[in-house]
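What follows is upload_3.cif (mmCIF, C-alpha atoms and all ligand atoms).
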```
data_final
loop_
_atom_site.label_atom_id
_atom_site.label_comp_id
_atom_site.auth_asym_id
_atom_site.auth_seq_id
_atom_site.Cartn_x
_atom_site.Cartn_y
_atom_site.Cartn_z
CA MET A 23 0.00 0.00 0.00
CA ASN A 24 1.43 3.36 -1.05
CA LEU A 25 0.13 6.34 0.92
CA ILE A 26 0.60 10.09 0.77
CA LEU A 27 0.03 12.36 3.76
CA LEU A 28 -0.81 15.94 2.80
CA GLY A 29 -1.21 18.87 5.14
CA ALA A 30 0.28 22.20 6.16
CA PRO A 31 3.50 22.28 8.17
CA GLY A 32 2.44 21.50 11.74
CA ALA A 33 -0.69 19.57 10.73
CA GLY A 34 0.82 16.41 12.20
CA LYS A 35 1.92 14.48 9.10
CA GLY A 36 5.15 13.25 10.68
CA THR A 37 3.48 12.14 13.89
CA GLN A 38 0.71 10.30 12.03
CA ALA A 39 3.17 8.73 9.57
CA GLU A 40 5.01 7.25 12.58
CA VAL A 41 1.72 5.79 13.85
CA ILE A 42 0.89 4.24 10.45
CA GLU A 43 4.41 2.83 10.20
CA ARG A 44 4.01 1.18 13.60
CA GLU A 45 0.46 -0.12 13.04
CA ILE A 46 0.56 -1.11 9.37
CA GLY A 47 4.25 -1.97 9.02
CA ILE A 48 5.21 0.11 6.00
CA PRO A 49 8.02 2.68 6.26
CA GLN A 50 7.59 6.43 6.65
CA ILE A 51 9.52 8.39 4.04
CA SER A 52 10.05 11.98 5.07
CA THR A 53 11.90 14.02 2.45
CA GLY A 54 12.25 16.73 5.13
CA ASN A 55 14.09 14.32 7.45
CA ILE A 56 16.28 13.02 4.61
CA LEU A 57 17.18 16.61 3.68
CA LYS A 58 17.87 17.55 7.31
CA ALA A 59 20.23 14.59 7.65
CA ALA A 60 21.97 15.68 4.42
CA VAL A 61 22.38 19.22 5.81
CA LYS A 62 23.74 17.87 9.10
CA ASN A 63 26.25 15.66 7.29
CA ALA A 64 27.17 18.48 4.87
CA THR A 65 26.70 16.25 1.81
CA PRO A 66 26.58 17.94 -1.63
CA ILE A 67 22.76 17.74 -1.58
CA GLY A 68 22.69 19.12 1.96
CA LEU A 69 24.89 22.08 1.00
CA LYS A 70 22.59 22.82 -1.94
CA ALA A 71 19.38 22.49 0.11
CA LYS A 72 20.33 24.37 3.29
CA SER A 73 19.63 27.96 2.22
CA PHE A 74 16.21 27.03 0.80
CA MET A 75 15.25 25.19 3.98
CA ASP A 76 16.50 27.87 6.36
CA SER A 77 14.37 30.51 4.63
CA GLY A 78 11.19 28.40 4.52
CA ALA A 79 11.36 27.90 0.74
CA LEU A 80 11.02 24.58 -1.04
CA VAL A 81 14.13 22.76 -2.22
CA PRO A 82 14.14 22.57 -6.07
CA ASP A 83 11.97 19.78 -7.52
CA ASP A 84 14.82 17.98 -9.33
CA VAL A 85 16.80 17.59 -6.09
CA VAL A 86 13.87 16.24 -4.07
CA ILE A 87 12.61 13.98 -6.87
CA GLY A 88 16.09 12.41 -7.11
CA ILE A 89 16.15 11.75 -3.36
CA LEU A 90 12.69 10.18 -3.41
CA LYS A 91 13.44 7.96 -6.38
CA GLU A 92 16.49 6.49 -4.63
CA ARG A 93 14.66 5.99 -1.37
CA ILE A 94 11.65 4.12 -2.76
CA ALA A 95 14.00 1.77 -4.65
CA GLU A 96 15.26 0.42 -1.31
CA PRO A 97 14.12 -3.07 -0.28
CA ASP A 98 12.08 -1.99 2.76
CA CYS A 99 9.68 -0.19 0.38
CA LYS A 100 8.69 -3.29 -1.57
CA ASN A 101 5.36 -3.72 0.27
CA GLY A 102 4.56 -0.03 0.28
CA PHE A 103 5.45 3.24 1.98
CA ILE A 104 4.04 6.39 3.52
CA LEU A 105 5.14 9.64 1.90
CA ASP A 106 5.33 12.45 4.46
CA GLY A 107 6.17 15.82 2.91
CA PHE A 108 6.34 14.59 -0.69
CA PRO A 109 4.94 15.56 -3.17
CA ARG A 110 4.89 19.25 -2.31
CA THR A 111 4.30 20.61 -5.83
CA ILE A 112 2.31 19.49 -8.87
CA PRO A 113 5.53 18.70 -10.82
CA GLN A 114 6.62 16.41 -7.95
CA ALA A 115 3.26 14.58 -8.12
CA GLU A 116 3.65 14.23 -11.87
CA ALA A 117 7.19 12.88 -11.41
CA LEU A 118 5.81 10.22 -9.07
CA GLU A 119 3.37 9.15 -11.79
CA ALA A 120 6.17 9.16 -14.36
CA MET A 121 8.15 6.76 -12.12
CA GLY A 122 5.20 4.36 -12.40
CA VAL A 123 4.32 4.60 -8.69
CA THR A 124 0.66 3.80 -7.96
CA ILE A 125 -0.74 5.75 -5.05
CA ASP A 126 -3.56 4.00 -3.18
CA LYS A 127 -4.69 6.75 -0.84
CA VAL A 128 -3.95 10.38 -0.16
CA ILE A 129 -4.88 11.58 3.32
CA SER A 130 -5.11 15.33 3.81
CA ILE A 131 -4.85 16.31 7.48
CA GLU A 132 -6.61 19.64 7.88
CA VAL A 133 -6.03 22.05 10.75
CA ALA A 134 -7.16 25.71 11.00
CA ASP A 135 -4.43 28.34 10.40
CA GLU A 136 -4.55 29.80 13.91
CA LYS A 137 -3.99 26.37 15.44
CA ILE A 138 -1.07 25.68 13.13
CA GLU A 139 0.92 28.64 14.47
CA ALA A 140 0.37 27.55 18.08
CA ARG A 141 1.43 24.02 17.23
CA LEU A 142 4.60 25.01 15.41
CA SER A 143 5.78 27.27 18.22
CA GLY A 144 5.81 24.25 20.60
CA ARG A 145 7.56 21.92 18.20
CA ARG A 146 10.88 20.38 19.22
CA ALA A 147 13.12 18.09 17.20
CA CYS A 148 15.90 15.71 18.16
CA THR A 149 19.27 16.90 16.85
CA GLN A 150 20.47 13.29 16.66
CA CYS A 151 17.65 11.21 15.12
CA GLY A 152 15.17 13.82 13.84
CA ALA A 153 12.20 12.56 15.92
CA THR A 154 9.72 15.35 16.62
CA TYR A 155 7.80 16.24 19.77
CA HIS A 156 5.52 19.00 21.02
CA THR A 157 5.77 20.65 24.41
CA VAL A 158 1.97 20.42 24.87
CA PHE A 159 0.54 17.86 22.41
CA ASN A 160 3.26 15.22 22.27
CA PRO A 161 5.79 15.84 25.05
CA PRO A 162 8.87 13.64 25.55
CA LYS A 163 9.03 11.70 28.82
CA THR A 164 11.85 13.97 30.02
CA GLU A 165 11.78 17.63 28.96
CA GLY A 166 14.41 18.42 26.32
CA VAL A 167 15.49 14.79 25.85
CA CYS A 168 14.55 12.45 22.97
CA ASP A 169 12.62 9.32 24.11
CA LYS A 170 14.07 7.29 21.27
CA CYS A 171 17.80 8.03 21.35
CA GLY A 172 18.42 10.33 24.33
CA GLY A 173 19.55 13.18 22.04
CA PRO A 174 18.91 16.85 22.86
CA LEU A 175 15.66 18.46 21.61
CA VAL A 176 15.76 21.91 19.98
CA ILE A 177 13.59 24.33 17.98
CA ARG A 178 14.50 23.74 14.34
CA ASP A 179 15.61 26.79 12.35
CA ASP A 180 12.62 26.35 10.07
CA ASP A 181 10.23 26.41 13.07
CA LYS A 182 11.32 29.97 14.02
CA PRO A 183 8.40 32.45 13.73
CA GLU A 184 9.49 34.34 10.59
CA THR A 185 10.24 31.08 8.76
CA VAL A 186 6.95 29.52 9.87
CA LYS A 187 5.05 32.39 8.18
CA GLU A 188 6.91 31.83 4.93
CA ARG A 189 6.38 28.05 5.06
CA LEU A 190 2.63 28.54 5.44
CA ARG A 191 2.57 30.96 2.50
CA VAL A 192 4.53 28.48 0.35
CA TYR A 193 2.20 25.65 1.44
CA LYS A 194 -0.87 27.57 0.25
CA GLU A 195 0.71 28.60 -3.03
CA LYS A 196 2.54 25.42 -4.07
CA THR A 197 1.26 22.43 -2.06
CA ALA A 198 -2.46 23.06 -1.36
CA PRO A 199 -3.27 22.66 -5.12
CA LEU A 200 -2.36 18.96 -4.68
CA ILE A 201 -5.59 18.51 -2.71
CA ASP A 202 -7.64 19.16 -5.86
CA PHE A 203 -5.13 17.23 -7.98
CA TYR A 204 -5.73 14.03 -5.97
CA LYS A 205 -9.44 14.75 -5.43
CA GLY A 206 -9.77 14.76 -9.23
CA LYS A 207 -8.20 11.30 -9.31
CA GLY A 208 -10.63 9.99 -6.67
CA LYS A 209 -7.83 9.27 -4.18
CA LEU A 210 -8.37 11.93 -1.56
CA SER A 211 -9.62 11.43 2.01
CA VAL A 212 -9.81 14.34 4.43
CA VAL A 213 -9.10 13.90 8.14
CA ILE A 214 -9.78 16.84 10.44
CA GLY A 215 -6.87 17.19 12.88
CA GLN A 216 -8.12 16.75 16.46
CA GLU A 217 -6.84 18.33 19.69
CA GLU A 218 -5.43 14.98 20.86
CA VAL A 219 -2.88 13.16 18.72
CA ALA A 220 -4.52 9.79 19.55
CA ASP A 221 -7.92 11.00 18.28
CA THR A 222 -6.41 12.05 14.95
CA SER A 223 -4.55 8.72 14.76
CA LYS A 224 -7.82 6.84 15.18
CA LEU A 225 -9.35 8.69 12.21
CA VAL A 226 -6.19 8.28 10.12
CA LEU A 227 -5.99 4.51 10.77
CA GLU A 228 -9.72 4.09 9.99
CA THR A 229 -9.08 5.82 6.66
CA VAL A 230 -6.01 3.70 5.89
CA ARG A 231 -7.87 0.46 6.69
CA ALA A 232 -11.12 1.42 4.91
P1 LIG A 301 9.42 19.21 6.52
O1 LIG A 301 10.09 18.63 7.72
O2 LIG A 301 8.66 18.20 5.72
O3 LIG A 301 8.60 20.42 6.84
O4 LIG A 301 10.61 19.69 5.55
C1 LIG A 301 11.55 20.65 5.95
C2 LIG A 301 12.02 21.45 4.74
O5 LIG A 301 12.63 20.58 3.78
C3 LIG A 301 10.92 22.16 3.99
O6 LIG A 301 10.59 23.41 4.56
C4 LIG A 301 11.54 22.31 2.60
O7 LIG A 301 12.48 23.35 2.55
C5 LIG A 301 12.30 21.00 2.46
N1 LIG A 301 11.47 19.94 1.83
C6 LIG A 301 11.01 18.79 2.40
N2 LIG A 301 10.30 18.06 1.53
C7 LIG A 301 10.31 18.77 0.36
C8 LIG A 301 9.74 18.56 -0.92
N3 LIG A 301 8.99 17.46 -1.19
N4 LIG A 301 9.95 19.50 -1.87
C9 LIG A 301 10.69 20.59 -1.63
N5 LIG A 301 11.25 20.88 -0.45
C10 LIG A 301 11.06 19.97 0.55
#
```

Do you think you could lay out the structure here as C-alpha cells?
Amino acid sequence: MNLILLGAPGAGKGTQAEVIEREIGIPQISTGNILKAAVKNATPIGLKAKSFMDSGALVPDDVVIGILKERIAEPDCKNGFILDGFPRTIPQAEALEAMGVTIDKVISIEVADEKIEARLSGRRACTQCGATYHTVFNPPKTEGVCDKCGGPLVIRDDDKPETVKERLRVYKEKTAPLIDFYKGKGKLSVVIGQEEVADTSKLVLETVRA
C-alpha cells in the first residue's frame, strides 16, 4: 500500500506517519528528514538544500525527486510506503506518476491556520535522530530529551516564527493545489486534525484500513 500524507506544516503528518508505520508496518519516508540529515552531514545535496530550507522555501523539484526515487527503490519499500512531505508541488506529483508509482490513498490532514501557528511554536526536534515532539501535544518523557535516542531536543531553524510564516505561504501557493489534484483522481480522504494526537490517529488509521 502506497500512501501520501498531505497537510500544512504542523498539521501532524510526521506524527501520524510514525503511527501508520508502527500499526501497518510500511516505512515512513520523510523528504524533510532526509534533507535535514543531508544538511547535518554536509553532503553535496545538503549544502545545496540548506539555504532554501532555512528561509522556509522549497528545495528545487529535481533535487527532491532524485532523493525520493532512490529511497523508494530500497528493499524496505517493496510492500509499500508512507510519503510524508512529498509531493509538495504538482511537478513532484507528476514525477511520481512518471516513475510508475501507484498511489492507493492520499490523506489530507486539515487544521485551522490559527492552530497551526500555536502548534509550530511548541515543536521540538531531536538533533540526533530527527524525531519530533511537542511541548503540549506530544511531550517527551523527560523535557528536552529524545525518548528514542536520548539526544537533545531543539527548535528547528525552520520552526522559528518568521520562517513559519513563509512556510505557510509556500504551502498555500505550491502544495495546497495537490488537494484538488488528488481529489480529481478519486484518491483523496480528508481527516480533520483533532486536539489529541490519539484521536487524529484513530481517524487516520480508519481511513487507511477502509
Ligand atoms: P518538513 O520537515 O517536511 O517540513 O521539511 C523541511 C524542509 O525541507 C521544507 O521546509 C523544505 O524546505 C524542504 N522539503 C522537504 N520536503 C520537500 C519537498 N517534497 N519539496 C521541496 N522541499 C522539501

Exercise for the section: Might you pull out every residue within 9 Å of A:Lys209, with only C-alpha atoms counted and same-chain residues fewer than 3 positions away left off, and present them as a ChimeraX atom specification? Expected result: /A:125-129,204-206

With ligand LIG 301 (chain A) as the partner and 8 Å as the cut-off, tabulate the residues of chain A that qualify, each row holding the nearest pair of atoms and their distance in Å to one decimal, using all atoms listed in the file, sorted by chain and rising number, as a Markdown table.
```
| residue | atom | partner | partner_atom | distance |
| --- | --- | --- | --- | --- |
| A:Pro31 | CA | A:LIG301 | O3 | 5.6 |
| A:Gly32 | CA | A:LIG301 | O3 | 7.9 |
| A:Gly36 | CA | A:LIG301 | O2 | 7.8 |
| A:Ser52 | CA | A:LIG301 | O2 | 6.4 |
| A:Thr53 | CA | A:LIG301 | N2 | 4.4 |
| A:Gly54 | CA | A:LIG301 | O4 | 3.4 |
| A:Asn55 | CA | A:LIG301 | O1 | 5.9 |
| A:Leu57 | CA | A:LIG301 | O5 | 6.0 |
| A:Lys58 | CA | A:LIG301 | O5 | 7.0 |
| A:Ala71 | CA | A:LIG301 | O7 | 7.4 |
| A:Lys72 | CA | A:LIG301 | O7 | 8.0 |
| A:Phe74 | CA | A:LIG301 | O7 | 5.5 |
| A:Met75 | CA | A:LIG301 | O7 | 3.6 |
| A:Asp76 | CA | A:LIG301 | O7 | 7.1 |
| A:Ser77 | CA | A:LIG301 | O7 | 7.7 |
| A:Gly78 | CA | A:LIG301 | O6 | 5.0 |
| A:Ala79 | CA | A:LIG301 | O7 | 5.0 |
| A:Leu80 | CA | A:LIG301 | N5 | 3.8 |
| A:Val81 | CA | A:LIG301 | N5 | 3.9 |
| A:Pro82 | CA | A:LIG301 | C9 | 6.0 |
| A:Asp83 | CA | A:LIG301 | N4 | 6.0 |
| A:Val86 | CA | A:LIG301 | N4 | 5.6 |
| A:Ile87 | CA | A:LIG301 | N3 | 7.6 |
| A:Asp106 | CA | A:LIG301 | O2 | 6.8 |
| A:Gly107 | CA | A:LIG301 | O2 | 4.4 |
| A:Phe108 | CA | A:LIG301 | N3 | 3.9 |
| A:Pro109 | CA | A:LIG301 | N3 | 4.9 |
| A:Arg110 | CA | A:LIG301 | N3 | 4.6 |
| A:Thr111 | CA | A:LIG301 | N4 | 7.0 |
| A:Gln114 | CA | A:LIG301 | N3 | 7.2 |
| A:Asp180 | CA | A:LIG301 | O6 | 6.6 |
| A:Arg189 | CA | A:LIG301 | O6 | 6.3 |
```

Handout entry: Polymer residues at most 10 Å from (1.4, 0.1, -3.0) by only C-alpha atoms, as a list in words
Key =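 Residues with an atom at most 10 Å from (1.4, 0.1, -3.0): Met23, Asn24, Leu25, Ile48, Cys99, Lys100, Asn101, Gly102, Phe103, Ile104, Val123, Thr124, Ile125, Asp126 and Lys127 of chain A.
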
Practice task
Tell me which protein, DNA and RNA residues are within 12 Å of A:Leu190, counting only C-alpha atoms, leaving out same-chain ones fewer than 4 positions away, and put them as JSON, numbers by chain.
Solution key: {"A": [29, 30, 31, 32, 33, 77, 78, 79, 80, 134, 135, 136, 138, 139, 142, 180, 181, 183, 184, 185, 186, 194, 195, 196, 197, 198]}

Practice task
Identify which of the residues A:Ala60, A:Val133, A:Ala140, A:Met121 lies closest to A:Gly34, counting all atoms listed in the file when measuring atom-to-atom distances.
Solution key: A:Val133

Problem - Residue list as an MDAnalysis selection string for point (9.1, 16.3, 16.4), cut-off 8 Å, all atoms listed in the file - result: chainID A and resid 36:37 145:148 152:156

Exercise for the section: Quote the spacing between atom CA of A:Ile26 and atom CA of A:Pro66 in Å to one decimal place. Expected result: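 Those two atoms sit 27.2 Å apart.
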
Practice task
Counting all atoms listed in the file, figure out which residue out of A:Ile51, A:Ile46, A:Val192, A:Ala59 gets nearest to A:Lys91.
Solution key: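 Answer, going by the shortest atom-to-atom distance: A:Ile51.
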
Handout entry: Atomic distance atom CA of A:Ile112 - atom CA of A:Leu200, expressed in Å with one decimal
Key =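 According to the coordinates, atom CA of A:Ile112 and atom CA of A:Leu200 are separated by 6.3 Å.
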
Practice task
Considering only C-alpha atoms, state which residue in the set A:Val226, A:Ala232, A:Val213, A:Val219 is at the smallest distance from A:Arg141.
Solution key: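 Residue with the minimum atom-to-atom distance to A:Arg141: A:Val219.
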
Problem - Residue among A:Val158, A:Val176, A:Leu227, A:Val61 lying closest to A:Ser73, counting only C-alpha atoms - result: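 Of the candidates, the smallest distance to A:Ser73 is held by A:Val61.
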